[in-house]
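Take a look at the structure below.
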Amino acid sequence: MAKADKTATMSRLHSAARLARTALAARLLAHGFYAGQDQIMLALDREDGQTPGNLAGRLGVRPPTITKTINRLQAQGFLEKRASNADARQAHIFLTESGRETIRAIEKSVKKTEKQALRGLDKKDQKALFKLLARIEANLSNEDLVLIDDDAELDEA
C-alpha cells in the first residue's frame, strides 16, 4: 500500500498558486504587463503616491526588486516618480494617465483568471475557500486573522 504524501497539501497549494499566476501572466502580457507589474499598478490605484519602500512592504518584495519594476513601468509610460515635498531625496510613485487607463484591463484580467480558477465552485465553496486562504495567509505571516466583508468580495465575482 502506498505511503501517504505528507506534503500533498503544500504541493497542491503551490501548484494552484503557480497555475493561477501563469494564467494571469498570459492575460496581462496581452496588455504589455509582466508578472508582478500588475500588483504595483493596482496598489497605486488604491493609493497613489506611495514610496518605493512602502510599495515593497505592502507587496512583500525587496526594495531593489520594486525599484527595477518601477523603472520598467516608468519606461513604459505607466508610472512617474516625483520628489517628495518634504524630502527631495525621497521619491513618490504615481500612475500616469496612461497607467490609469490600463487599470481596467488589469482588473478584467484578474477577474477572468479568478473566474477560471473558481469554475465549478458554488458561492458557499468560494466563501469557505476565501476563509481558508485567509487563515493560511495569517498563519504564514504570523498575523492575526482579519476577514474583511468577504461576502461583498464574493458577490462581485
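Residue numbering restarts at 1 for every chain of the C-alpha cells, chains are lettered A, B, ... in their displayed order, and ligands are numbered from 1 as they appear.
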Neighbouring residues of segment 73-84 of chain A were defined as those with any atom within 7 Å, considering only C-alpha atoms; residues of the same chain fewer than 2 positions away were excluded. Please report them as an mmCIF file with N, CA, C and O atoms, in the first residue's frame.
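Below is the file selection_29.cif, written as the result:
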```cif
data_model
loop_
_atom_site.group_PDB
_atom_site.id
_atom_site.type_symbol
_atom_site.label_atom_id
_atom_site.label_comp_id
_atom_site.auth_asym_id
_atom_site.auth_seq_id
_atom_site.Cartn_x
_atom_site.Cartn_y
_atom_site.Cartn_z
ATOM 1 N N THR A 69 11.225 47.140 -11.089
ATOM 2 C CA THR A 69 9.908 47.052 -11.723
ATOM 3 C C THR A 69 9.310 48.440 -11.939
ATOM 4 O O THR A 69 8.720 48.710 -12.994
ATOM 5 N N ILE A 70 9.484 49.325 -10.985
ATOM 6 C CA ILE A 70 9.002 50.706 -11.135
ATOM 7 C C ILE A 70 9.692 51.364 -12.330
ATOM 8 O O ILE A 70 9.041 52.041 -13.133
ATOM 9 N N ASN A 71 10.996 51.164 -12.455
ATOM 10 C CA ASN A 71 11.736 51.748 -13.579
ATOM 11 C C ASN A 71 11.212 51.241 -14.919
ATOM 12 O O ASN A 71 11.091 52.006 -15.879
ATOM 13 N N ALA A 86 8.484 67.063 1.197
ATOM 14 C CA ALA A 86 9.151 67.149 2.492
ATOM 15 C C ALA A 86 10.641 66.802 2.409
ATOM 16 O O ALA A 86 11.443 67.345 3.159
ATOM 17 N N ASP A 87 11.006 65.879 1.510
ATOM 18 C CA ASP A 87 12.382 65.419 1.405
ATOM 19 C C ASP A 87 12.672 65.075 -0.057
ATOM 20 O O ASP A 87 12.244 64.038 -0.557
ATOM 21 N N ALA A 88 13.409 65.927 -0.732
ATOM 22 C CA ALA A 88 13.668 65.756 -2.162
ATOM 23 C C ALA A 88 14.417 64.468 -2.480
ATOM 24 O O ALA A 88 14.424 64.013 -3.615
ATOM 25 N N ARG A 89 15.046 63.858 -1.477
ATOM 26 C CA ARG A 89 15.740 62.583 -1.694
ATOM 27 C C ARG A 89 14.758 61.419 -1.808
ATOM 28 O O ARG A 89 15.092 60.367 -2.309
ATOM 29 N N GLN A 90 13.562 61.633 -1.308
ATOM 30 C CA GLN A 90 12.537 60.581 -1.288
ATOM 31 C C GLN A 90 11.607 60.724 -2.491
ATOM 32 O O GLN A 90 11.076 61.801 -2.731
ATOM 33 N N ALA A 91 11.436 59.643 -3.246
ATOM 34 C CA ALA A 91 10.547 59.666 -4.410
ATOM 35 C C ALA A 91 9.181 59.091 -4.053
ATOM 36 O O ALA A 91 9.066 58.210 -3.194
ATOM 37 N N HIS A 92 8.180 59.605 -4.708
ATOM 38 C CA HIS A 92 6.825 59.060 -4.613
ATOM 39 C C HIS A 92 6.431 58.625 -6.020
ATOM 40 O O HIS A 92 6.782 59.271 -7.002
ATOM 41 N N ILE A 93 5.692 57.538 -6.101
ATOM 42 C CA ILE A 93 5.347 56.940 -7.384
ATOM 43 C C ILE A 93 3.867 57.182 -7.670
ATOM 44 O O ILE A 93 3.012 56.930 -6.818
ATOM 45 N N PHE A 94 3.591 57.659 -8.881
ATOM 46 C CA PHE A 94 2.219 57.984 -9.281
ATOM 47 C C PHE A 94 1.894 57.322 -10.616
ATOM 48 O O PHE A 94 2.767 57.193 -11.475
ATOM 49 N N LEU A 95 0.641 56.944 -10.770
ATOM 50 C CA LEU A 95 0.166 56.464 -12.057
ATOM 51 C C LEU A 95 0.085 57.640 -13.017
ATOM 52 O O LEU A 95 -0.317 58.735 -12.624
ATOM 53 N N THR A 96 0.469 57.427 -14.258
ATOM 54 C CA THR A 96 0.261 58.440 -15.292
ATOM 55 C C THR A 96 -1.161 58.256 -15.822
ATOM 56 O O THR A 96 -1.859 57.301 -15.446
ATOM 57 N N SER A 98 -1.908 57.303 -18.760
ATOM 58 C CA SER A 98 -1.839 56.019 -19.464
ATOM 59 C C SER A 98 -1.939 54.857 -18.469
ATOM 60 O O SER A 98 -2.609 53.857 -18.729
ATOM 61 N N GLY A 99 -1.292 54.997 -17.336
ATOM 62 C CA GLY A 99 -1.352 53.975 -16.287
ATOM 63 C C GLY A 99 -2.759 53.806 -15.751
ATOM 64 O O GLY A 99 -3.235 52.683 -15.549
#
```
Which of segment 17-151 of chain A fall in helix (DSSP H, G or I), as a count of residues only: 86
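For Pro63 of chain A, the list of residues within 9 Å, based on only C-alpha atoms and with local chain neighbours fewer than 5 positions off taken out, reads Pro52, Gly53, Asn54, Leu55, Ala56, Gly57 and Lys68 of chain A.
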Sorted by chain and rising residue number, which residues of segment 52-146 of chain A lie within 8 Å of segment 21-27 of chain A, and what are their closest atom pairs and distances in Å to one decimal, counting only C-alpha atoms, as CSV?
```
residue,atom,partner,partner_atom,distance
A:Ser109,CA,A:Arg27,CA,5.8
A:Val110,CA,A:Leu24,CA,6.4
A:Thr113,CA,A:Leu24,CA,5.8
```
Just write the chosen residues, N, CA and C atoms, as a PDB file, in the first residue's frame.
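The resulting out.pdb:
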```
ATOM      1  N   SER A 109      -8.434  41.247 -16.354  1.00  0.00           N
ATOM      2  CA  SER A 109      -7.587  40.061 -16.434  1.00  0.00           C
ATOM      3  C   SER A 109      -7.620  39.266 -15.133  1.00  0.00           C
ATOM      4  N   VAL A 110      -7.557  39.983 -14.012  1.00  0.00           N
ATOM      5  CA  VAL A 110      -7.608  39.330 -12.700  1.00  0.00           C
ATOM      6  C   VAL A 110      -8.956  38.640 -12.517  1.00  0.00           C
ATOM      7  N   THR A 113      -9.254  35.483 -14.631  1.00  0.00           N
ATOM      8  CA  THR A 113      -8.441  34.404 -14.068  1.00  0.00           C
ATOM      9  C   THR A 113      -9.104  33.822 -12.832  1.00  0.00           C
TER      10      THR A 113
END
```
Residue among A:Arg135, A:Glu107, A:Gly49, A:Ala117 lying closest to Asn85 of chain A, counting only C-alpha atoms: A:Gly49
Residues flagged strand (DSSP E or B) by DSSP in chain A, as a PyMOL selection string: chain A and resi 50+79-83+91-95
Let me see the file: selected residues, N, CA, C and O atoms, as a compact mmCIF listing (two decimals), in the first residue's frame.
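Okay, this is what ended up in result.txt:
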```txt
# COMPACT_ATOMS: atom_id res chain seq x y z
N GLN A 50 2.66 56.45 -3.39
CA GLN A 50 3.41 55.72 -2.37
C GLN A 50 4.90 55.77 -2.68
O GLN A 50 5.30 55.98 -3.82
N LEU A 79 3.95 54.87 -15.12
CA LEU A 79 4.22 55.48 -13.82
C LEU A 79 5.14 56.68 -13.99
O LEU A 79 5.87 56.78 -14.97
N GLU A 80 5.10 57.55 -12.98
CA GLU A 80 6.08 58.63 -12.92
C GLU A 80 6.54 58.79 -11.47
O GLU A 80 5.79 58.54 -10.53
N LYS A 81 7.81 59.19 -11.32
CA LYS A 81 8.38 59.44 -10.00
C LYS A 81 8.38 60.95 -9.78
O LYS A 81 8.70 61.71 -10.69
N ARG A 82 8.03 61.33 -8.56
CA ARG A 82 8.11 62.74 -8.18
C ARG A 82 8.82 62.84 -6.84
O ARG A 82 8.59 62.02 -5.94
N ALA A 83 9.66 63.85 -6.71
CA ALA A 83 10.35 64.06 -5.44
C ALA A 83 9.35 64.48 -4.38
O ALA A 83 8.36 65.17 -4.66
N ALA A 91 11.44 59.64 -3.25
CA ALA A 91 10.55 59.67 -4.41
C ALA A 91 9.18 59.09 -4.05
O ALA A 91 9.07 58.21 -3.19
N HIS A 92 8.18 59.61 -4.71
CA HIS A 92 6.82 59.06 -4.61
C HIS A 92 6.43 58.62 -6.02
O HIS A 92 6.78 59.27 -7.00
N ILE A 93 5.69 57.54 -6.10
CA ILE A 93 5.35 56.94 -7.38
C ILE A 93 3.87 57.18 -7.67
O ILE A 93 3.01 56.93 -6.82
N PHE A 94 3.59 57.66 -8.88
CA PHE A 94 2.22 57.98 -9.28
C PHE A 94 1.89 57.32 -10.62
O PHE A 94 2.77 57.19 -11.48
N LEU A 95 0.64 56.94 -10.77
CA LEU A 95 0.17 56.46 -12.06
C LEU A 95 0.09 57.64 -13.02
O LEU A 95 -0.32 58.74 -12.62
```
Counting only C-alpha atoms, the residue of A:Val61, A:Met10, A:Leu121, A:Ile40 that sits nearest Ile136 of chain A: A:Met10
Top pick for closest residue to Gln116 of chain A, considering A:His14, A:Leu19, A:Tyr34, A:Leu28 and counting only C-alpha atoms: A:Leu19
Separation of atom CA of Ala138 of chain A from atom CA of Asp125 of chain A in Å: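 Distance reported for this atom pair: 19.8 Å.
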